[in-house]
Amino acid sequence: MQLDEYRKLAEVEDRMWYFRALNRRVSRWLARGLPAGPVRILDAGCGTGGLIKHLRQARPDWRLTGLDFSARACELARLRTEAEIVQGSITALPFADESFDAVVSADVVCQVEDGARALQEFARVLRPGGLALVNVPAFRWLWSYHDDTCETKHRYTRPELTALMQGAGLRVTFASYANGLSLPLVVLRRKLFRPANPTSDVRLYPAPVEAIFGGMAWLEYKWMNLGGRVPAGSSVFAVASKPHRA
């Protein structure tokens with residue numbers, strides 16, 4: 001990701017509809033699948049710490065660690081959170097085997113060339129029974145200026161992400177597209193009505209726009225909580241567990 005994007009991210013990720021929806025979805029699935037108590041969670045690709053802040057507020061008993069490849073992102077995450085922040089790559093995690101009860105990676109597997117290697121690393125540092133939650137951008141045909149700015153390497157389909165997780169030895173328990181109701185508007189923005197000087201779409205939009213997108217994301221969140229899947233969307237979200245030893 002370009003360095004200026006980290007500054008933008010730190011400024012808006014606590015308020016922008018997209019991150020509010022993503023953080024809510026992640027915290028809900030973690031709470032659903034993890035045991036009570038001070039479990040240890042890795043945010044693999046923590047950026048400037050927005051997800052960690054959200055999880056800390058939702059569950060103060062969780063022990064949170066963040067990792068990011070960018071020194072600038074780590075610096076901002078340390079300023080914005082009290083969590084342990086480590087600089088490193090998701091394809092070579094600097095942690096011992098079976099160190100975490102959960103690994104979360106939000107829109108980061110898409111930024112490395114070898115997504116399979118990243119998933120193998122997530123599985124390695126997970127304890128048996130632990131959870132892996134992964135969110136990635138969806139559909140190669142949706143590639144745009146946003147991906148160029150964020151230095152995306154790959155946009156995934158749901159079967160592709162599921163196959164990567166299964167190939168790493170993880171058991172997928174839930175996989176769905178996300179941001180489906182807003183997909184037509186995203187397509188219009190990125191394909192037909194491109195901004196004159198495009199950077200990324202990471203920004204806080206006018207209040208009515210935030211409210212509309214936030215409302216659509218809330219309806220989708222409620223549907224997923226009932227076990228529903230979204231047939232298409234601008235993201236893919238999957239949950240998997242590490243099997244116990246035989």
# chains A, B, ... in the order shown; residues from 1 in each chain; ligands from 1
$ residues_around --residues "segment 206-219 of chain A" --least-positions-apart "6" --cutoff "8 Å" --atoms "only C-alpha atoms" --output "JSON, numbers by chain"
{"A": [16, 17, 18, 21, 179, 181, 182]}
$ residues_around --residues "Leu42 of chain A" --least-positions-apart "3" --cutoff "12 Å" --atoms "only C-alpha atoms" --output "PyMOL selection string"
chain A and resi 30+39+45-46+49+51-52+55+62-68+83-86+90+93-95+98-106+121-123+125-127+130-134
$ residues_around --residues "Pro198 of chain A" --least-positions-apart "4" --cutoff "12 Å" --atoms "only C-alpha atoms" --output "compact mmCIF listing (two decimals) with C-alpha atoms, in the first residue's frame"
# COMPACT_ATOMS: atom_id res chain seq x y z
CA SER A 144 -9.83 -0.49 -10.72
CA TYR A 145 -7.80 2.55 -9.70
CA HIS A 146 -8.55 1.57 -6.09
CA ASP A 147 -6.53 -1.65 -6.45
CA ASP A 148 -3.68 0.16 -8.19
CA THR A 149 -3.40 2.62 -5.31
CA CYS A 150 -3.69 -0.07 -2.63
CA ARG A 189 -18.15 4.40 -9.16
CA ARG A 190 -15.15 2.38 -10.28
CA LYS A 191 -16.09 1.51 -13.85
CA PHE A 193 -17.93 7.36 -13.13
CA ARG A 194 -14.26 7.24 -12.22
CA VAL A 202 -10.70 5.03 1.43
CA ARG A 203 -12.30 8.26 2.59
$ residues_around --residues "Leu119 of chain A" --least-positions-apart "5" --cutoff "7 Å" --atoms "only C-alpha atoms" --output "ChimeraX atom specification"
/A:164-165,168
$ select_by_dssp --residues "segment 56-246 of chain A" --states "helix (DSSP H, G or I)" --output "PyMOL selection string"
chain A and resi 56-58+71-80+109-111+115-125+140-142+145-150+158-167+183-192+207-225
$ closest_residue --among "A:Arg140, A:Arg59, A:Arg24, A:Arg229" --to "Tyr156 of chain A" --atoms "only C-alpha atoms"
A:Arg140
$ closest_residue --among "A:Gly88, A:Gly47, A:Gly33, A:Gly169" --to "Arg245 of chain A" --atoms "only C-alpha atoms"
A:Gly169
$ atom_distance --atom1 "atom CA of Pro128 of chain A" --atom2 "atom CA of Ala44 of chain A"
18.2 Å
$ select_by_dssp --residues "segment 3-211 of chain A" --states "strand (DSSP E)" --output "JSON, numbers by chain"
{"A": [40, 41, 42, 43, 44, 63, 64, 65, 66, 67, 68, 84, 85, 86, 87, 100, 101, 102, 103, 104, 105, 106, 126, 127, 128, 129, 130, 131, 132, 133, 134, 135, 136, 137, 171, 172, 173, 174, 175, 176, 177, 178]}
$ write_last_selection --atoms "N, CA and C atoms" --output "compact mmCIF listing (two decimals), in the first residue's frame"
# COMPACT_ATOMS: atom_id res chain seq x y z
N ARG A 40 -5.92 -15.39 22.75
CA ARG A 40 -4.90 -14.59 22.07
C ARG A 40 -5.23 -14.52 20.58
N ILE A 41 -5.28 -13.29 20.04
CA ILE A 41 -5.71 -13.05 18.66
C ILE A 41 -4.64 -12.26 17.92
N LEU A 42 -4.31 -12.70 16.71
CA LEU A 42 -3.38 -11.99 15.84
C LEU A 42 -4.14 -11.29 14.72
N ASP A 43 -3.92 -10.00 14.57
CA ASP A 43 -4.40 -9.26 13.41
C ASP A 43 -3.25 -9.24 12.41
N ALA A 44 -3.30 -10.12 11.42
CA ALA A 44 -2.20 -10.30 10.47
C ALA A 44 -2.37 -9.32 9.31
N ARG A 63 -6.54 -10.84 24.25
CA ARG A 63 -5.14 -10.43 24.15
C ARG A 63 -4.80 -10.27 22.66
N LEU A 64 -4.55 -9.04 22.26
CA LEU A 64 -4.44 -8.70 20.84
C LEU A 64 -2.99 -8.39 20.46
N THR A 65 -2.58 -8.94 19.33
CA THR A 65 -1.28 -8.65 18.73
C THR A 65 -1.51 -8.25 17.29
N GLY A 66 -0.82 -7.21 16.84
CA GLY A 66 -0.91 -6.78 15.45
C GLY A 66 0.41 -6.97 14.74
N LEU A 67 0.34 -7.28 13.46
CA LEU A 67 1.54 -7.41 12.63
C LEU A 67 1.30 -6.70 11.31
N ASP A 68 2.31 -5.95 10.85
CA ASP A 68 2.21 -5.33 9.54
C ASP A 68 3.60 -5.22 8.92
N GLU A 84 0.36 -5.12 21.42
CA GLU A 84 1.69 -5.45 20.91
C GLU A 84 1.64 -5.36 19.38
N ILE A 85 2.54 -4.59 18.79
CA ILE A 85 2.60 -4.42 17.34
C ILE A 85 3.98 -4.87 16.87
N VAL A 86 3.99 -5.80 15.92
CA VAL A 86 5.23 -6.39 15.42
C VAL A 86 5.33 -6.13 13.92
N GLN A 87 6.52 -5.74 13.46
CA GLN A 87 6.72 -5.57 12.02
C GLN A 87 7.15 -6.91 11.41
N PHE A 100 -1.58 -18.78 18.74
CA PHE A 100 -2.78 -17.96 18.80
C PHE A 100 -4.05 -18.80 18.75
N ASP A 101 -5.09 -18.25 19.37
CA ASP A 101 -6.42 -18.87 19.32
C ASP A 101 -7.19 -18.44 18.07
N ALA A 102 -6.79 -17.32 17.49
CA ALA A 102 -7.43 -16.84 16.26
C ALA A 102 -6.47 -15.97 15.49
N VAL A 103 -6.58 -16.03 14.17
CA VAL A 103 -5.85 -15.13 13.27
C VAL A 103 -6.87 -14.45 12.37
N VAL A 104 -6.82 -13.14 12.33
CA VAL A 104 -7.69 -12.34 11.47
C VAL A 104 -6.82 -11.64 10.44
N SER A 105 -7.25 -11.64 9.19
CA SER A 105 -6.52 -10.90 8.15
C SER A 105 -7.53 -10.21 7.26
N ALA A 106 -7.59 -8.90 7.37
CA ALA A 106 -8.61 -8.11 6.68
C ALA A 106 -7.99 -7.35 5.51
N LEU A 126 -1.81 -21.13 14.48
CA LEU A 126 -3.07 -21.38 15.18
C LEU A 126 -2.97 -22.62 16.06
N ARG A 127 -3.57 -22.55 17.23
CA ARG A 127 -3.71 -23.73 18.07
C ARG A 127 -4.82 -24.61 17.50
N PRO A 128 -4.76 -25.92 17.73
CA PRO A 128 -5.86 -26.79 17.28
C PRO A 128 -7.20 -26.27 17.81
N GLY A 129 -8.16 -26.19 16.93
CA GLY A 129 -9.46 -25.62 17.28
C GLY A 129 -9.54 -24.12 17.08
N GLY A 130 -8.40 -23.48 16.75
CA GLY A 130 -8.38 -22.04 16.56
C GLY A 130 -9.05 -21.61 15.27
N LEU A 131 -9.35 -20.32 15.19
CA LEU A 131 -10.10 -19.75 14.06
C LEU A 131 -9.22 -18.90 13.15
N ALA A 132 -9.49 -18.97 11.86
CA ALA A 132 -8.89 -18.05 10.89
C ALA A 132 -10.02 -17.32 10.18
N LEU A 133 -10.00 -15.99 10.22
CA LEU A 133 -10.99 -15.15 9.55
C LEU A 133 -10.27 -14.32 8.50
N VAL A 134 -10.70 -14.44 7.26
CA VAL A 134 -10.02 -13.75 6.16
C VAL A 134 -11.03 -12.98 5.33
N ASN A 135 -10.71 -11.72 5.05
CA ASN A 135 -11.50 -10.89 4.15
C ASN A 135 -10.60 -10.42 3.02
N VAL A 136 -11.06 -10.55 1.78
CA VAL A 136 -10.29 -10.12 0.61
C VAL A 136 -11.23 -9.46 -0.40
N PRO A 137 -10.70 -8.63 -1.30
CA PRO A 137 -11.53 -8.06 -2.36
C PRO A 137 -11.93 -9.13 -3.36
N ARG A 171 -10.42 -26.04 8.03
CA ARG A 171 -11.77 -26.50 7.71
C ARG A 171 -12.68 -25.28 7.63
N VAL A 172 -13.16 -24.98 6.44
CA VAL A 172 -13.98 -23.79 6.23
C VAL A 172 -15.38 -24.04 6.79
N THR A 173 -15.83 -23.15 7.67
CA THR A 173 -17.14 -23.28 8.29
C THR A 173 -18.15 -22.26 7.76
N PHE A 174 -17.64 -21.18 7.16
CA PHE A 174 -18.54 -20.17 6.59
C PHE A 174 -17.76 -19.41 5.52
N ALA A 175 -18.38 -19.19 4.38
CA ALA A 175 -17.76 -18.39 3.32
C ALA A 175 -18.86 -17.70 2.53
N SER A 176 -18.71 -16.41 2.33
CA SER A 176 -19.74 -15.63 1.65
C SER A 176 -19.10 -14.42 1.00
N TYR A 177 -19.72 -13.94 -0.06
CA TYR A 177 -19.38 -12.59 -0.52
C TYR A 177 -19.94 -11.59 0.49
N ALA A 178 -19.39 -10.38 0.45
CA ALA A 178 -19.84 -9.33 1.35
C ALA A 178 -19.98 -8.03 0.57
$ residues_around --residues "segment 11-13 of chain A" --least-positions-apart "4" --cutoff "7 Å" --atoms "only C-alpha atoms" --output "list in words"
Arg7, Phe19, Gly50, Arg203 and Leu204 of chain A
$ closest_residue --among "A:Ala246, A:Val112, A:Ala138, A:Ala92" --to "Arg124 of chain A" --atoms "only C-alpha atoms"
A:Ala92
$ atom_distance --atom1 "atom CA of Leu170 of chain A" --atom2 "atom CA of Lys242 of chain A"
5.0 Å
$ decode --residues "segment 224-239 of chain A" --atoms "N, CA and C atoms" --output "PDB file, in the first residue's frame"
ATOM      1  N   MET A 224     -26.310 -12.432   7.479  1.00  0.00           N
ATOM      2  CA  MET A 224     -25.215 -13.375   7.730  1.00  0.00           C
ATOM      3  C   MET A 224     -25.329 -13.992   9.123  1.00  0.00           C
ATOM      4  N   ASN A 225     -25.785 -13.221  10.077  1.00  0.00           N
ATOM      5  CA  ASN A 225     -25.940 -13.756  11.432  1.00  0.00           C
ATOM      6  C   ASN A 225     -26.978 -14.868  11.481  1.00  0.00           C
ATOM      7  N   LEU A 226     -27.891 -14.859  10.542  1.00  0.00           N
ATOM      8  CA  LEU A 226     -28.889 -15.929  10.447  1.00  0.00           C
ATOM      9  C   LEU A 226     -28.374 -17.119   9.648  1.00  0.00           C
ATOM     10  N   GLY A 227     -27.130 -17.043   9.202  1.00  0.00           N
ATOM     11  CA  GLY A 227     -26.541 -18.119   8.418  1.00  0.00           C
ATOM     12  C   GLY A 227     -26.643 -17.925   6.927  1.00  0.00           C
ATOM     13  N   GLY A 228     -27.162 -16.781   6.497  1.00  0.00           N
ATOM     14  CA  GLY A 228     -27.320 -16.537   5.076  1.00  0.00           C
ATOM     15  C   GLY A 228     -26.012 -16.200   4.387  1.00  0.00           C
ATOM     16  N   ARG A 229     -25.916 -16.555   3.119  1.00  0.00           N
ATOM     17  CA  ARG A 229     -24.781 -16.201   2.280  1.00  0.00           C
ATOM     18  C   ARG A 229     -25.206 -15.132   1.278  1.00  0.00           C
ATOM     19  N   VAL A 230     -24.252 -14.302   0.893  1.00  0.00           N
ATOM     20  CA  VAL A 230     -24.489 -13.264  -0.112  1.00  0.00           C
ATOM     21  C   VAL A 230     -23.929 -13.776  -1.434  1.00  0.00           C
ATOM     22  N   PRO A 231     -24.725 -13.810  -2.510  1.00  0.00           N
ATOM     23  CA  PRO A 231     -24.286 -14.462  -3.749  1.00  0.00           C
ATOM     24  C   PRO A 231     -23.213 -13.718  -4.516  1.00  0.00           C
ATOM     25  N   ALA A 232     -23.062 -12.416  -4.300  1.00  0.00           N
ATOM     26  CA  ALA A 232     -22.029 -11.630  -4.982  1.00  0.00           C
ATOM     27  C   ALA A 232     -21.784 -10.372  -4.167  1.00  0.00           C
ATOM     28  N   GLY A 233     -20.576  -9.823  -4.249  1.00  0.00           N
ATOM     29  CA  GLY A 233     -20.247  -8.623  -3.509  1.00  0.00           C
ATOM     30  C   GLY A 233     -18.851  -8.164  -3.856  1.00  0.00           C
ATOM     31  N   SER A 234     -18.448  -7.038  -3.305  1.00  0.00           N
ATOM     32  CA  SER A 234     -17.118  -6.509  -3.604  1.00  0.00           C
ATOM     33  C   SER A 234     -16.036  -7.127  -2.731  1.00  0.00           C
ATOM     34  N   SER A 235     -16.425  -7.939  -1.737  1.00  0.00           N
ATOM     35  CA  SER A 235     -15.471  -8.629  -0.870  1.00  0.00           C
ATOM     36  C   SER A 235     -15.857 -10.094  -0.730  1.00  0.00           C
ATOM     37  N   VAL A 236     -14.899 -10.895  -0.272  1.00  0.00           N
ATOM     38  CA  VAL A 236     -15.158 -12.271   0.138  1.00  0.00           C
ATOM     39  C   VAL A 236     -14.738 -12.389   1.599  1.00  0.00           C
ATOM     40  N   PHE A 237     -15.584 -13.022   2.393  1.00  0.00           N
ATOM     41  CA  PHE A 237     -15.317 -13.212   3.822  1.00  0.00           C
ATOM     42  C   PHE A 237     -15.457 -14.688   4.146  1.00  0.00           C
ATOM     43  N   ALA A 238     -14.445 -15.245   4.810  1.00  0.00           N
ATOM     44  CA  ALA A 238     -14.480 -16.673   5.139  1.00  0.00           C
ATOM     45  C   ALA A 238     -13.963 -16.917   6.548  1.00  0.00           C
ATOM     46  N   VAL A 239     -14.554 -17.926   7.174  1.00  0.00           N
ATOM     47  CA  VAL A 239     -14.170 -18.356   8.519  1.00  0.00           C
ATOM     48  C   VAL A 239     -13.788 -19.823   8.449  1.00  0.00           C
TER      49      VAL A 239
END
